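So this block is query.txt, compact mmCIF, C-alpha atoms:
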```
# COMPACT_ATOMS: atom_id res chain seq x y z
CA MET F 1 12.05 35.55 -45.97
CA ASN F 2 13.32 33.53 -43.04
CA PHE F 3 10.70 32.57 -40.46
CA ASP F 4 12.88 30.15 -38.52
CA GLN F 5 13.03 32.41 -35.49
CA PHE F 6 9.23 32.18 -35.10
CA THR F 7 7.48 29.33 -33.41
CA ASP F 8 4.27 27.97 -34.93
CA GLU F 9 2.29 29.70 -32.23
CA GLN F 10 3.96 33.08 -32.91
CA LEU F 11 3.24 32.71 -36.61
CA ILE F 12 -0.41 31.96 -35.89
CA VAL F 13 -0.71 35.10 -33.78
CA GLN F 14 0.68 37.12 -36.69
CA VAL F 15 -1.61 35.47 -39.24
CA ARG F 16 -4.56 36.26 -36.99
CA GLU F 17 -3.39 39.88 -36.91
CA ASN F 18 -3.91 39.99 -40.69
CA ASP F 19 -0.41 38.95 -41.77
CA LYS F 20 -1.93 36.32 -44.09
CA GLU F 21 1.28 35.57 -45.99
CA LYS F 22 2.80 33.93 -42.95
CA TYR F 23 0.26 31.14 -43.26
CA ALA F 24 2.34 29.90 -46.22
CA GLU F 25 5.11 29.10 -43.73
CA ILE F 26 2.69 27.05 -41.65
CA ILE F 27 1.73 25.13 -44.79
CA ARG F 28 5.42 24.57 -45.59
CA ARG F 29 6.10 23.31 -42.07
CA TYR F 30 3.25 20.86 -41.98
CA GLN F 31 2.59 19.70 -45.53
CA ILE F 32 5.14 16.87 -45.50
CA LYS F 33 4.32 15.78 -41.97
CA LEU F 34 0.59 15.70 -42.67
CA THR F 35 1.03 14.01 -46.06
CA HIS F 36 3.03 11.34 -44.28
CA TYR F 37 0.33 10.96 -41.64
CA LEU F 38 -2.57 10.89 -44.10
CA ARG F 39 -0.87 8.24 -46.22
CA LYS F 40 -1.70 5.80 -43.43
CA PHE F 41 -5.37 6.30 -44.19
CA ILE F 42 -5.58 7.36 -47.82
CA ARG F 43 -3.75 5.51 -50.58
CA ASN F 44 -5.10 7.41 -53.54
CA HIS F 45 -2.81 10.33 -54.30
CA ASP F 46 -5.54 12.70 -55.57
CA GLU F 47 -7.82 11.97 -52.65
CA LEU F 48 -4.94 12.57 -50.25
CA GLU F 49 -4.19 15.89 -51.89
CA ASP F 50 -7.84 16.97 -51.61
CA VAL F 51 -7.98 16.03 -47.94
CA LEU F 52 -4.68 17.81 -47.23
CA GLN F 53 -5.96 20.95 -48.92
CA GLU F 54 -9.19 20.77 -46.91
CA ILE F 55 -7.16 20.43 -43.70
CA PHE F 56 -5.16 23.59 -44.36
CA ILE F 57 -8.27 25.54 -45.33
CA ARG F 58 -10.16 24.39 -42.23
CA THR F 59 -7.15 25.18 -40.08
CA TYR F 60 -6.95 28.70 -41.50
CA ARG F 61 -10.67 29.37 -41.10
CA ASN F 62 -10.62 28.23 -37.48
CA LEU F 63 -7.38 29.89 -36.39
CA PHE F 64 -9.20 31.95 -33.75
CA ALA F 65 -10.32 28.71 -32.12
CA PHE F 66 -6.68 27.85 -31.42
CA ASP F 67 -5.47 28.63 -27.92
CA THR F 68 -2.01 30.18 -28.43
CA ASP F 69 -0.97 29.11 -24.93
CA LYS F 70 -1.01 25.54 -26.19
CA LYS F 71 1.06 23.79 -28.86
CA PHE F 72 -0.08 24.21 -32.44
CA SER F 73 1.09 20.83 -33.70
CA PRO F 74 -1.48 18.66 -31.82
CA TRP F 75 -4.20 21.12 -32.84
CA ILE F 76 -3.54 20.83 -36.58
CA TYR F 77 -3.09 17.06 -36.22
CA ARG F 78 -6.48 16.98 -34.51
CA ILE F 79 -8.02 18.62 -37.58
CA ALA F 80 -6.14 16.17 -39.82
CA HIS F 81 -7.35 13.28 -37.67
CA ASN F 82 -10.99 14.41 -37.99
CA GLN F 83 -10.65 14.80 -41.75
CA ALA F 84 -8.99 11.39 -42.07
CA ILE F 85 -11.79 9.78 -40.05
CA ASN F 86 -14.42 11.51 -42.19
CA HIS F 87 -12.65 10.27 -45.30
CA ILE F 88 -12.51 6.69 -44.00
CA LYS F 89 -16.22 6.81 -43.08
CA LYS F 90 -17.12 8.10 -46.52
CA ASN F 91 -14.94 5.72 -48.48
CA LYS F 92 -15.03 2.65 -46.23
CA LYS F 93 -11.47 1.83 -47.21
CA GLY F 94 -9.20 0.74 -44.41
CA SER F 95 -6.03 -0.05 -46.32
CA ILE F 96 -2.71 1.26 -45.07
CA SER F 97 0.35 2.15 -47.05
CA LEU F 98 3.71 2.16 -45.26
CA ASP F 99 6.85 3.81 -46.56
CA GLU F 100 9.80 1.53 -47.35
CA TYR F 101 11.50 1.95 -44.00
CA GLU F 102 8.40 2.18 -41.81
CA TRP F 103 7.81 -1.53 -41.29
CA GLU F 104 11.22 -1.56 -39.59
CA ILE F 105 9.93 0.89 -37.00
CA VAL F 106 7.12 -1.51 -36.15
CA ASP F 107 9.55 -4.40 -36.18
CA GLU F 108 11.94 -2.58 -33.87
CA LYS F 109 9.28 -1.40 -31.43
CA MET F 110 7.54 -4.77 -31.32
CA ASP F 111 10.56 -7.04 -31.77
CA LEU F 112 8.95 -9.09 -34.52
CA LYS F 113 12.12 -10.43 -36.19
CA LYS F 114 11.80 -13.84 -34.62
CA ASP F 115 8.21 -14.26 -35.63
CA ILE F 116 7.99 -12.84 -39.11
CA ASP F 117 9.49 -13.41 -42.53
CA ILE F 118 11.46 -10.25 -43.25
CA GLY F 119 10.64 -10.34 -46.96
CA LEU F 120 6.94 -10.21 -46.26
CA ALA F 121 7.15 -7.93 -43.26
CA LYS F 122 6.02 -4.71 -44.93
CA THR F 123 2.94 -6.22 -46.57
CA LYS F 124 2.02 -8.12 -43.45
CA ILE F 125 2.32 -5.12 -41.20
CA GLU F 126 0.28 -3.04 -43.66
CA LYS F 127 -2.43 -5.70 -43.65
CA GLY F 128 -2.21 -6.08 -39.89
CA LEU F 129 -2.63 -2.36 -39.31
CA SER F 130 -5.52 -2.25 -41.81
CA THR F 131 -7.41 -4.93 -39.90
CA LEU F 132 -7.03 -3.11 -36.57
CA LYS F 133 -10.01 -1.19 -35.27
CA ILE F 134 -9.61 2.52 -35.94
CA LYS F 135 -9.46 3.28 -32.20
CA TYR F 136 -6.28 1.16 -31.92
CA ARG F 137 -4.87 2.05 -35.34
CA GLU F 138 -4.89 5.82 -34.79
CA PRO F 139 -2.74 5.91 -31.61
CA LEU F 140 -0.40 3.25 -33.01
CA ILE F 141 0.21 5.29 -36.17
CA LEU F 142 0.77 8.48 -34.22
CA TYR F 143 3.10 6.73 -31.81
CA PHE F 144 5.08 4.57 -34.26
CA PHE F 145 5.26 6.66 -37.40
CA GLU F 146 4.60 10.24 -36.35
CA GLN F 147 6.80 9.94 -33.26
CA LYS F 148 4.20 11.67 -31.11
CA SER F 149 4.37 11.51 -27.33
CA TYR F 150 1.49 10.14 -25.26
CA GLU F 151 0.57 13.68 -24.28
CA GLU F 152 0.48 14.85 -27.90
CA ILE F 153 -1.60 11.81 -28.89
CA SER F 154 -3.94 12.63 -26.03
CA ASP F 155 -4.32 16.17 -27.42
CA ILE F 156 -4.83 14.98 -30.99
CA LEU F 157 -7.35 12.24 -30.24
CA HIS F 158 -8.94 14.02 -27.26
CA ILE F 159 -8.62 11.06 -24.96
CA PRO F 160 -6.97 10.81 -21.52
CA ILE F 161 -3.23 10.00 -21.46
CA SER F 162 -3.89 6.78 -19.55
CA THR F 163 -6.27 5.68 -22.33
CA VAL F 164 -3.56 6.41 -24.94
CA GLY F 165 -1.27 3.95 -23.15
CA THR F 166 -4.00 1.34 -22.94
CA LEU F 167 -4.97 1.68 -26.62
CA ILE F 168 -1.35 1.49 -27.79
CA SER F 169 -0.71 -1.57 -25.67
CA ARG F 170 -3.89 -3.32 -26.87
CA GLY F 171 -3.20 -2.29 -30.47
CA LYS F 172 0.32 -3.72 -30.25
CA ASN F 173 -0.99 -7.00 -28.87
CA ALA F 174 -3.68 -7.24 -31.53
CA LEU F 175 -1.13 -6.51 -34.28
CA LYS F 176 1.35 -9.01 -32.89
CA GLU F 177 -1.37 -11.63 -32.67
CA PHE F 178 -2.32 -10.98 -36.29
CA LEU F 179 1.28 -11.23 -37.48
CA GLU F 180 1.95 -14.42 -35.55
CA LYS F 181 -1.21 -16.06 -36.88
CA LYS F 182 -0.45 -15.64 -40.57
CA MET C 1 7.48 18.32 -53.13
CA ASP C 2 6.16 19.98 -56.27
CA THR C 3 2.69 18.77 -55.37
CA ASN C 4 3.10 20.26 -51.94
CA SER C 5 4.18 23.60 -53.39
CA GLU C 6 1.18 23.46 -55.64
CA ILE C 7 -1.07 22.97 -52.61
CA GLU C 8 0.60 25.89 -50.89
CA LYS C 9 0.01 28.08 -53.95
CA LYS C 10 -3.62 27.00 -54.28
CA ILE C 11 -4.41 27.66 -50.63
CA MET C 12 -2.60 30.98 -50.50
CA THR C 13 -4.41 32.13 -53.64
CA GLU C 14 -7.74 31.25 -52.01
CA ILE C 15 -6.76 33.13 -48.84
CA GLU C 16 -5.38 36.21 -50.57
CA SER C 17 -8.37 36.46 -52.90
CA GLY C 18 -10.62 36.52 -49.81
CA ARG C 19 -12.55 33.38 -50.81
CA VAL C 20 -11.20 31.67 -47.69
CA LYS C 21 -11.56 33.89 -44.64
CA LEU C 22 -10.81 33.61 -40.95
CA LYS C 23 -13.95 32.97 -38.92
CA SER C 24 -14.56 35.74 -36.43
CA LYS C 25 -13.13 35.20 -32.97
CA TYR C 26 -16.53 36.13 -31.55
CA ILE C 27 -18.03 32.98 -33.08
CA PHE C 28 -15.60 30.87 -31.08
CA TRP C 29 -16.13 32.93 -27.94
CA ALA C 30 -19.88 32.53 -28.32
CA GLU C 31 -19.45 28.81 -28.89
CA LYS C 32 -17.26 28.44 -25.79
CA PHE C 33 -19.62 30.58 -23.73
CA GLY C 34 -22.62 28.63 -25.00
CA VAL C 35 -21.10 25.26 -24.16
CA SER C 36 -19.90 26.40 -20.72
CA SER C 37 -23.27 27.97 -19.93
CA ALA C 38 -25.14 24.88 -21.10
CA PHE C 39 -22.92 22.75 -18.86
CA VAL C 40 -23.39 25.01 -15.82
CA VAL C 41 -27.16 25.24 -16.34
CA THR C 42 -27.44 21.47 -16.77
CA VAL C 43 -25.47 20.79 -13.59
CA LEU C 44 -27.53 23.38 -11.67
CA LEU C 45 -30.75 21.77 -12.89
CA ALA C 46 -29.42 18.33 -11.93
CA ILE C 47 -28.69 19.70 -8.42
CA LEU C 48 -32.15 21.28 -8.21
CA PHE C 49 -33.93 18.13 -9.33
CA PHE C 50 -31.90 15.96 -6.99
CA ASN C 51 -32.89 18.34 -4.21
CA LEU C 52 -36.54 18.08 -5.28
CA VAL C 53 -36.32 14.27 -5.24
CA LEU C 54 -35.01 14.41 -1.67
CA PHE C 55 -37.66 16.95 -0.74
CA TYR C 56 -40.42 14.84 -2.26
CA LEU C 57 -39.28 11.70 -0.47
CA LYS C 58 -38.97 13.57 2.82
CA SER C 59 -42.20 15.54 2.74
CA SER C 60 -44.74 13.59 0.69
CA ASP C 61 -46.57 10.43 1.74
CA ASN C 62 -44.18 8.28 -0.29
CA LEU C 63 -41.90 6.94 2.48
CA ALA C 64 -44.75 6.87 5.02
CA TYR C 65 -46.21 3.81 3.28
CA LEU C 66 -42.99 1.88 3.86
CA SER C 67 -43.62 2.12 7.63
CA PHE C 68 -46.21 -0.66 7.07
CA GLY C 69 -43.49 -3.01 5.88
CA ASN C 70 -43.93 -5.17 2.79
CA SER C 71 -47.62 -4.38 2.47
CA GLY C 72 -46.77 -0.72 1.88
CA VAL C 73 -44.54 -1.36 -1.12
CA PHE C 74 -47.30 -0.96 -3.73
CA ALA C 75 -48.41 2.37 -2.30
CA PHE C 76 -44.75 3.43 -2.10
CA LEU C 77 -44.18 2.53 -5.76
CA GLU C 78 -47.43 4.23 -6.74
CA SER C 79 -46.42 7.47 -5.09
CA PHE C 80 -42.75 7.37 -6.14
CA PRO C 81 -41.55 10.55 -7.94
CA TYR C 82 -40.60 8.87 -11.23
CA LEU C 83 -40.75 12.04 -13.28
CA LEU C 84 -38.41 13.89 -10.91
CA VAL C 85 -35.95 11.00 -10.90
CA VAL C 86 -36.06 10.71 -14.70
CA ALA C 87 -35.49 14.48 -15.06
CA PHE C 88 -32.55 14.26 -12.63
CA ILE C 89 -31.00 11.37 -14.59
CA ILE C 90 -31.53 13.19 -17.91
CA PHE C 91 -29.72 16.27 -16.61
CA ILE C 92 -26.83 14.17 -15.29
CA LEU C 93 -26.52 12.40 -18.66
CA LEU C 94 -26.74 15.71 -20.48
CA ALA C 95 -23.93 17.16 -18.35
CA GLY C 96 -21.83 14.07 -19.12
CA THR C 97 -22.55 14.38 -22.84
CA ILE C 98 -21.53 18.04 -22.88
CA ILE C 99 -18.26 17.13 -21.16
CA VAL C 100 -17.54 14.34 -23.64
CA LYS C 101 -18.40 16.44 -26.70
CA SER C 102 -16.57 19.54 -25.55
CA ASP C 103 -12.83 20.06 -25.44
CA PHE C 104 -12.29 21.20 -21.89
CA ALA C 105 -12.04 17.95 -20.00
CA TYR C 106 -10.81 15.23 -22.34
CA LYS C 107 -7.57 14.79 -20.40
CA SER C 108 -9.35 13.28 -17.40
CA PRO C 109 -10.86 9.79 -17.64
CA PHE C 110 -14.62 9.94 -18.21
CA GLY C 111 -15.32 7.65 -15.25
CA PHE C 112 -13.56 10.08 -12.94
CA LEU C 113 -15.45 13.06 -14.41
CA ALA C 114 -18.79 11.27 -14.21
CA LEU C 115 -18.12 10.39 -10.59
CA ALA C 116 -17.09 14.00 -9.87
CA ILE C 117 -20.27 15.40 -11.45
CA VAL C 118 -22.51 12.94 -9.60
CA GLY C 119 -20.63 13.68 -6.36
CA VAL C 120 -20.94 17.45 -6.75
CA VAL C 121 -24.64 17.16 -7.65
CA ILE C 122 -25.39 14.95 -4.66
CA VAL C 123 -23.45 17.10 -2.17
CA CYS C 124 -24.91 20.37 -3.49
CA GLY C 125 -28.39 18.83 -3.63
CA ILE C 126 -28.11 17.84 0.04
CA VAL C 127 -26.75 21.26 1.02
CA LEU C 128 -29.65 22.86 -0.86
CA THR C 129 -32.15 21.07 1.39
CA TYR C 130 -31.08 23.43 4.19
CA THR C 131 -31.95 26.52 2.16
CA GLY C 132 -35.67 25.92 1.81
CA VAL C 133 -35.57 26.32 -1.97
CA ALA C 134 -37.73 23.24 -2.48
CA GLU C 135 -40.38 24.52 -0.04
CA LYS C 136 -40.44 27.79 -1.95
CA ILE C 137 -40.88 25.94 -5.25
CA GLU C 138 -43.65 23.85 -3.71
CA GLN C 139 -45.38 27.00 -2.51
CA GLU C 140 -45.09 28.67 -5.92
CA THR C 141 -46.31 25.50 -7.64
CA PHE C 142 -49.40 24.86 -5.55
CA GLU C 143 -50.36 28.48 -5.17
CA SER C 144 -50.42 28.57 -8.97
CA ARG C 145 -47.89 31.33 -9.32
CA PRO C 146 -46.41 31.65 -12.80
CA SER C 147 -42.90 30.83 -11.55
CA GLY C 148 -44.12 27.50 -10.18
CA PHE C 149 -45.83 26.49 -13.41
CA LEU C 150 -42.80 24.59 -14.73
CA PHE C 151 -42.57 22.39 -11.66
CA LYS C 152 -46.24 21.47 -11.48
CA PRO C 153 -45.92 18.24 -13.50
CA PHE C 154 -43.10 17.11 -11.21
CA LEU C 155 -44.55 17.99 -7.79
CA SER C 156 -48.29 17.55 -8.34
CA ARG C 157 -47.78 13.79 -8.05
CA GLY C 158 -47.06 14.36 -4.36
CA LEU C 159 -50.66 15.39 -3.72
CA GLU C 160 -52.45 13.05 -6.13
CA ALA C 161 -54.96 10.39 -5.04
CA ARG C 162 -53.48 6.91 -4.69
CA HIS C 163 -55.14 3.61 -5.37
CA ASN C 164 -53.33 1.76 -2.59
CA GLY C 165 -52.81 4.42 0.05
CA ILE C 166 -54.19 7.60 1.51
CA VAL C 167 -53.00 10.30 3.91
CA GLY C 168 -54.99 13.05 5.53
CA ARG C 169 -56.35 14.79 8.63
CA ILE C 170 -59.30 13.31 10.49
CA ILE C 171 -62.28 15.61 10.82
CA GLU C 172 -65.01 13.18 11.69
CA ILE C 173 -65.08 9.67 13.07
CA GLY C 174 -68.07 7.49 12.32
CA ASP C 175 -68.87 3.89 13.24
CA SER C 176 -67.59 2.35 10.07
CA ASN C 177 -65.92 5.25 8.39
CA ILE C 178 -63.68 8.21 8.97
CA THR C 179 -63.84 11.49 7.12
CA ILE C 180 -60.44 12.93 6.38
CA GLN C 181 -59.20 16.06 4.77
CA THR C 182 -56.70 15.56 1.96
CA PRO C 183 -55.07 18.16 -0.28
CA ARG C 184 -57.71 17.24 -2.86
CA GLY C 185 -60.73 17.66 -0.58
CA SER C 186 -62.66 15.75 2.07
CA GLU C 187 -62.92 12.01 1.68
CA LYS C 188 -64.70 9.27 3.57
CA ILE C 189 -62.60 6.17 4.14
CA ILE C 190 -64.31 2.91 5.03
CA LEU C 191 -63.31 0.77 7.98
CA THR C 192 -64.14 -2.94 8.02
CA ASN C 193 -63.68 -5.72 10.57
CA GLU C 194 -60.40 -6.61 8.85
CA SER C 195 -59.03 -3.08 9.10
CA LEU C 196 -55.99 -2.99 11.37
CA LEU C 197 -56.25 0.15 13.49
CA PRO C 198 -53.72 1.63 15.90
CA THR C 199 -54.02 0.99 19.63
CA GLU C 200 -54.08 4.73 20.34
CA PRO C 201 -57.56 6.25 20.01
CA LEU C 202 -58.24 8.17 16.84
CA SER C 203 -59.40 11.72 17.25
CA GLU C 204 -60.26 14.69 15.13
CA GLY C 205 -57.36 16.80 14.00
CA ILE C 206 -54.72 14.10 13.84
CA PHE C 207 -53.10 12.95 10.66
CA ILE C 208 -53.33 9.34 9.57
CA VAL C 209 -51.77 7.25 6.84
CA ALA C 210 -53.65 4.23 5.57
CA LEU C 211 -53.20 1.35 3.19
CA GLY C 212 -56.11 -0.20 1.37
CA SER C 213 -57.78 -0.19 -1.98
CA ARG C 214 -60.00 2.15 -3.89
CA ASP C 215 -63.15 0.88 -5.61
CA ASP C 216 -65.62 3.20 -7.29
CA GLY C 217 -64.05 6.14 -5.50
CA ASN C 218 -64.42 4.58 -2.02
CA PHE C 219 -61.25 3.86 -0.14
CA THR C 220 -61.43 0.75 2.07
CA VAL C 221 -58.80 0.67 4.79
CA SER C 222 -56.73 -2.45 5.43
CA LYS C 223 -54.15 -0.88 7.73
CA LEU C 224 -54.09 2.53 9.37
CA ARG C 225 -51.71 4.33 11.65
CA ILE C 226 -51.33 7.78 13.11
CA ILE C 227 -48.58 9.86 11.58
CA ASN C 228 -46.77 12.94 12.78
CA PRO C 229 -47.64 15.67 10.25
CA GLU C 230 -43.98 16.75 10.29
CA GLU C 231 -43.20 13.51 8.44
CA ILE C 232 -45.54 14.45 5.59
CA GLN C 233 -45.14 18.20 5.40
CA MET C 234 -46.15 18.45 1.76
CA ILE C 235 -49.49 16.79 2.59
CA ARG C 236 -49.91 18.86 5.75
CA ARG C 237 -49.34 22.08 3.82
CA GLY C 238 -51.68 20.85 1.08
CA VAL C 239 -54.43 20.24 3.62
CA HIS C 240 -53.81 23.61 5.25
CA ARG C 241 -53.93 25.38 1.91
CA ARG C 242 -57.27 23.82 1.17
CA PHE C 243 -58.94 23.84 4.58
CA GLY C 244 -56.90 26.19 6.73
CA GLN C 245 -55.22 25.40 10.06
CA PHE C 246 -56.87 22.94 12.41
CA GLN C 247 -58.97 24.88 14.91
CA PHE C 248 -61.34 24.28 17.75
CA HIS C 249 -64.42 26.30 18.40
CA VAL C 250 -65.47 26.49 22.04
CA ILE C 251 -69.15 25.81 22.38
CA LYS C 252 -71.32 26.82 25.31
CA SER C 253 -71.71 23.32 26.73
CA GLY C 254 -67.98 23.31 27.45
CA GLY C 255 -67.06 20.86 24.68
CA CYS C 256 -65.22 21.49 21.46
CA LYS C 257 -66.27 21.50 17.89
CA PHE C 258 -63.89 21.19 15.01
CA LEU C 259 -64.25 23.86 12.39
CA PRO C 260 -62.61 23.39 9.03
CA SER C 261 -62.86 27.10 8.41
CA SER C 262 -60.10 29.63 8.75
CA THR C 263 -61.81 31.62 11.47
CA ILE C 264 -60.21 30.98 14.83
CA ILE C 265 -62.33 31.62 17.83
CA GLN C 266 -60.75 30.27 20.98
CA VAL C 267 -58.74 27.29 22.04
CA THR C 268 -58.94 26.08 25.61
CA SER C 269 -57.27 23.26 27.46
CA SER C 270 -60.60 21.39 27.64
CA CYS C 271 -60.33 20.84 23.94
CA PHE C 272 -57.25 18.53 24.27
```

Could you render the structure from this file as structure tokens?
Amino acid sequence: MNFDQFTDEQLIVQVRENDKEKYAEIIRRYQIKLTHYLRKFIRNHDELEDVLQEIFIRTYRNLFAFDTDKKFSPWIYRIAHNQAINHIKKNKKGSISLDEYEWEIVDEKMDLKKDIDIGLAKTKIEKGLSTLKIKYREPLILYFFEQKSYEEISDILHIPISTVGTLISRGKNALKEFLEKK
Amino acid sequence: MDTNSEIEKKIMTEIESGRVKLKSKYIFWAEKFGVSSAFVVTVLLAILFFNLVLFYLKSSDNLAYLSFGNSGVFAFLESFPYLLVVAFIIFILLAGTIIVKSDFAYKSPFGFLALAIVGVVIVCGIVLTYTGVAEKIEQETFESRPSGFLFKPFLSRGLEARHNGIVGRIIEIGDSNITIQTPRGSEKIILTNESLLPTEPLSEGIFIVALGSRDDGNFTVSKLRIINPEEIQMIRRGVHRRFGQFQFHVIKSGGCKFLPSSTIIQVTSSCF
């Protein structure tokens, strides 16, 4: 069955009206995106899978809390964010795992080429991001790797848009400082 | 991708089997309604308590002590409405906490929201002073009506005895003491050679405010001045509640006699 003509929000309305099967489409639309996002917080594959499953179950249970006049994506990312934070608090592990190409995004957005050995870039950026405080790390990850706008980040983290800008800017500076030091 | 499909299967099986269910929309409505109501009630209480702080400062003896300058500071601090101020601050903080924890205002910077809440509370609190709500609460509180019971701990301080100051209505003037009526009863205050008295003559029926100290229940005056009862309305009303309005009884010899009773007989110009 092709659900392409439906937006996320339309699908949610239908799921709420007891068309449960359509929730599978929501899972299909978000499982890769959320896996990608969660990988910045959770390295262990099994743990990541458990958290992802918990996110989709929580999302389903709380579908009536979603305001269909708003966008669904920031709402499900908000749930993922809360679950990721809970996981970090429980496990006290702050390590970050970047995909092969992702260090280049950081490099491009921060113009690090002059300052950093390309061969070590990925590891260094991973370490740098891991050392950042969570309040800086979260917006940086959403901005760099999830390609979220300031407004979406504001909706996901529940902070004002102006604060998103400030946190990203401070996070960038802290990361750059870390990379230049080593 | 296989893993992802597996997750999809697992979740859909849970949903279709009914083990994972949608929470009722009424739960979320109730939650939203509860949070909004709590916020509104907290802000309203903050407004009311701010209004009561203003009312207390305006109508109790608190600010009257400052008219003596530096020497009145202790009596001012002693009679300050700490409990009301603390309650007001708690309600403001509570309103701020509800805003931070809830979802409806995260887009605006907290500083701006905090300023807006404080601004609204202050403006509404000032506007409320024109409605006479505080006077009504005072009346309910001191006439021991059930509705005033909650406010008793906050307002009763306004009529309590002070160690460093006293306010009341003169009913008798002796050589070295004056008997005054206070909301708590009649009290003799002691005048000494060091007591600074006003240049205007003291007479029965007028209200005075005095600084001094209390030892073994006796209040020794260091400074005293006459005060317009309109400046200390809470005290004036307290005295009236206890002793009735100030009245003169015309006696046969043509003079006047003060009666602390509620029976009015006649007031003539010779009494003033």

(request) Fewer than 3 positions away in the same chain doesn't count, so skip those; otherwise give me all residues within 8 Å of segment 127-138 of chain F, counting all atoms listed in the file, as a VMD selection string. (result) chain F and resid 94 to 96 123 to 124 141 to 142 167 to 168 170 to 171 174 to 175 178 to 179

Would you mind exporting C-alpha atoms of the selected residues as an mmCIF file, in the coordinates of the input?
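In the end it all went to selection03.cif:
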```
data_model
loop_
_atom_site.group_PDB
_atom_site.id
_atom_site.type_symbol
_atom_site.label_atom_id
_atom_site.label_comp_id
_atom_site.auth_asym_id
_atom_site.auth_seq_id
_atom_site.Cartn_x
_atom_site.Cartn_y
_atom_site.Cartn_z
ATOM 1 C CA GLY F 94 -9.200 0.740 -44.410
ATOM 2 C CA SER F 95 -6.030 -0.050 -46.320
ATOM 3 C CA ILE F 96 -2.710 1.260 -45.070
ATOM 4 C CA THR F 123 2.940 -6.220 -46.570
ATOM 5 C CA LYS F 124 2.020 -8.120 -43.450
ATOM 6 C CA ILE F 141 0.210 5.290 -36.170
ATOM 7 C CA LEU F 142 0.770 8.480 -34.220
ATOM 8 C CA LEU F 167 -4.970 1.680 -26.620
ATOM 9 C CA ILE F 168 -1.350 1.490 -27.790
ATOM 10 C CA ARG F 170 -3.890 -3.320 -26.870
ATOM 11 C CA GLY F 171 -3.200 -2.290 -30.470
ATOM 12 C CA ALA F 174 -3.680 -7.240 -31.530
ATOM 13 C CA LEU F 175 -1.130 -6.510 -34.280
ATOM 14 C CA PHE F 178 -2.320 -10.980 -36.290
ATOM 15 C CA LEU F 179 1.280 -11.230 -37.480
#
```

(request) For atom CA of Arg237 of chain C and atom CA of Asn218 of chain C, quote the distance in Å rounded to one decimal. (result) 23.8 Å

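With distances taken over all atoms listed in the file, C:Ile99 is the one residue among C:Leu224, C:Ile99, C:Ile89, C:Val40 lying closest to chain F.
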
Could you build a table of the residues in chain F lying no more than 8 Å from chain C, giving for each the nearest pair of atoms and their separation in Å rounded to one decimal place, using only C-alpha atoms, ordered by chain and ascending residue number, as JSON lines?
```
{"residue": "F:Arg16", "atom": "CA", "partner": "C:Leu22", "partner_atom": "CA", "distance": 7.9}
{"residue": "F:Lys20", "atom": "CA", "partner": "C:Glu16", "partner_atom": "CA", "distance": 7.3}
{"residue": "F:Glu21", "atom": "CA", "partner": "C:Met12", "partner_atom": "CA", "distance": 7.5}
{"residue": "F:Tyr23", "atom": "CA", "partner": "C:Met12", "partner_atom": "CA", "distance": 7.8}
{"residue": "F:Ala24", "atom": "CA", "partner": "C:Glu8", "partner_atom": "CA", "distance": 6.4}
{"residue": "F:Ile27", "atom": "CA", "partner": "C:Glu8", "partner_atom": "CA", "distance": 6.3}
{"residue": "F:Arg28", "atom": "CA", "partner": "C:Glu8", "partner_atom": "CA", "distance": 7.3}
{"residue": "F:Gln31", "atom": "CA", "partner": "C:Asn4", "partner_atom": "CA", "distance": 6.5}
{"residue": "F:Ile32", "atom": "CA", "partner": "C:Asn4", "partner_atom": "CA", "distance": 7.6}
{"residue": "F:Glu49", "atom": "CA", "partner": "C:Ile7", "partner_atom": "CA", "distance": 7.8}
{"residue": "F:Gln53", "atom": "CA", "partner": "C:Ile7", "partner_atom": "CA", "distance": 6.5}
{"residue": "F:Phe56", "atom": "CA", "partner": "C:Ile11", "partner_atom": "CA", "distance": 7.5}
{"residue": "F:Ile57", "atom": "CA", "partner": "C:Ile11", "partner_atom": "CA", "distance": 6.9}
{"residue": "F:Tyr60", "atom": "CA", "partner": "C:Leu22", "partner_atom": "CA", "distance": 6.3}
{"residue": "F:Arg61", "atom": "CA", "partner": "C:Leu22", "partner_atom": "CA", "distance": 4.2}
{"residue": "F:Asn62", "atom": "CA", "partner": "C:Lys23", "partner_atom": "CA", "distance": 6.0}
{"residue": "F:Leu63", "atom": "CA", "partner": "C:Leu22", "partner_atom": "CA", "distance": 6.8}
{"residue": "F:Phe64", "atom": "CA", "partner": "C:Lys25", "partner_atom": "CA", "distance": 5.2}
{"residue": "F:Ala65", "atom": "CA", "partner": "C:Phe28", "partner_atom": "CA", "distance": 5.8}
{"residue": "F:Ser154", "atom": "CA", "partner": "C:Lys107", "partner_atom": "CA", "distance": 7.0}
{"residue": "F:Asp155", "atom": "CA", "partner": "C:Lys107", "partner_atom": "CA", "distance": 7.9}
{"residue": "F:His158", "atom": "CA", "partner": "C:Tyr106", "partner_atom": "CA", "distance": 5.4}
{"residue": "F:Ile159", "atom": "CA", "partner": "C:Tyr106", "partner_atom": "CA", "distance": 5.4}
{"residue": "F:Pro160", "atom": "CA", "partner": "C:Lys107", "partner_atom": "CA", "distance": 4.2}
{"residue": "F:Ile161", "atom": "CA", "partner": "C:Lys107", "partner_atom": "CA", "distance": 6.6}
{"residue": "F:Ser162", "atom": "CA", "partner": "C:Pro109", "partner_atom": "CA", "distance": 7.8}
{"residue": "F:Thr163", "atom": "CA", "partner": "C:Pro109", "partner_atom": "CA", "distance": 7.7}
```

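In this model, the gap between atom CA of Ala210 of chain C and atom CA of Asp61 of chain C comes to 10.2 Å.
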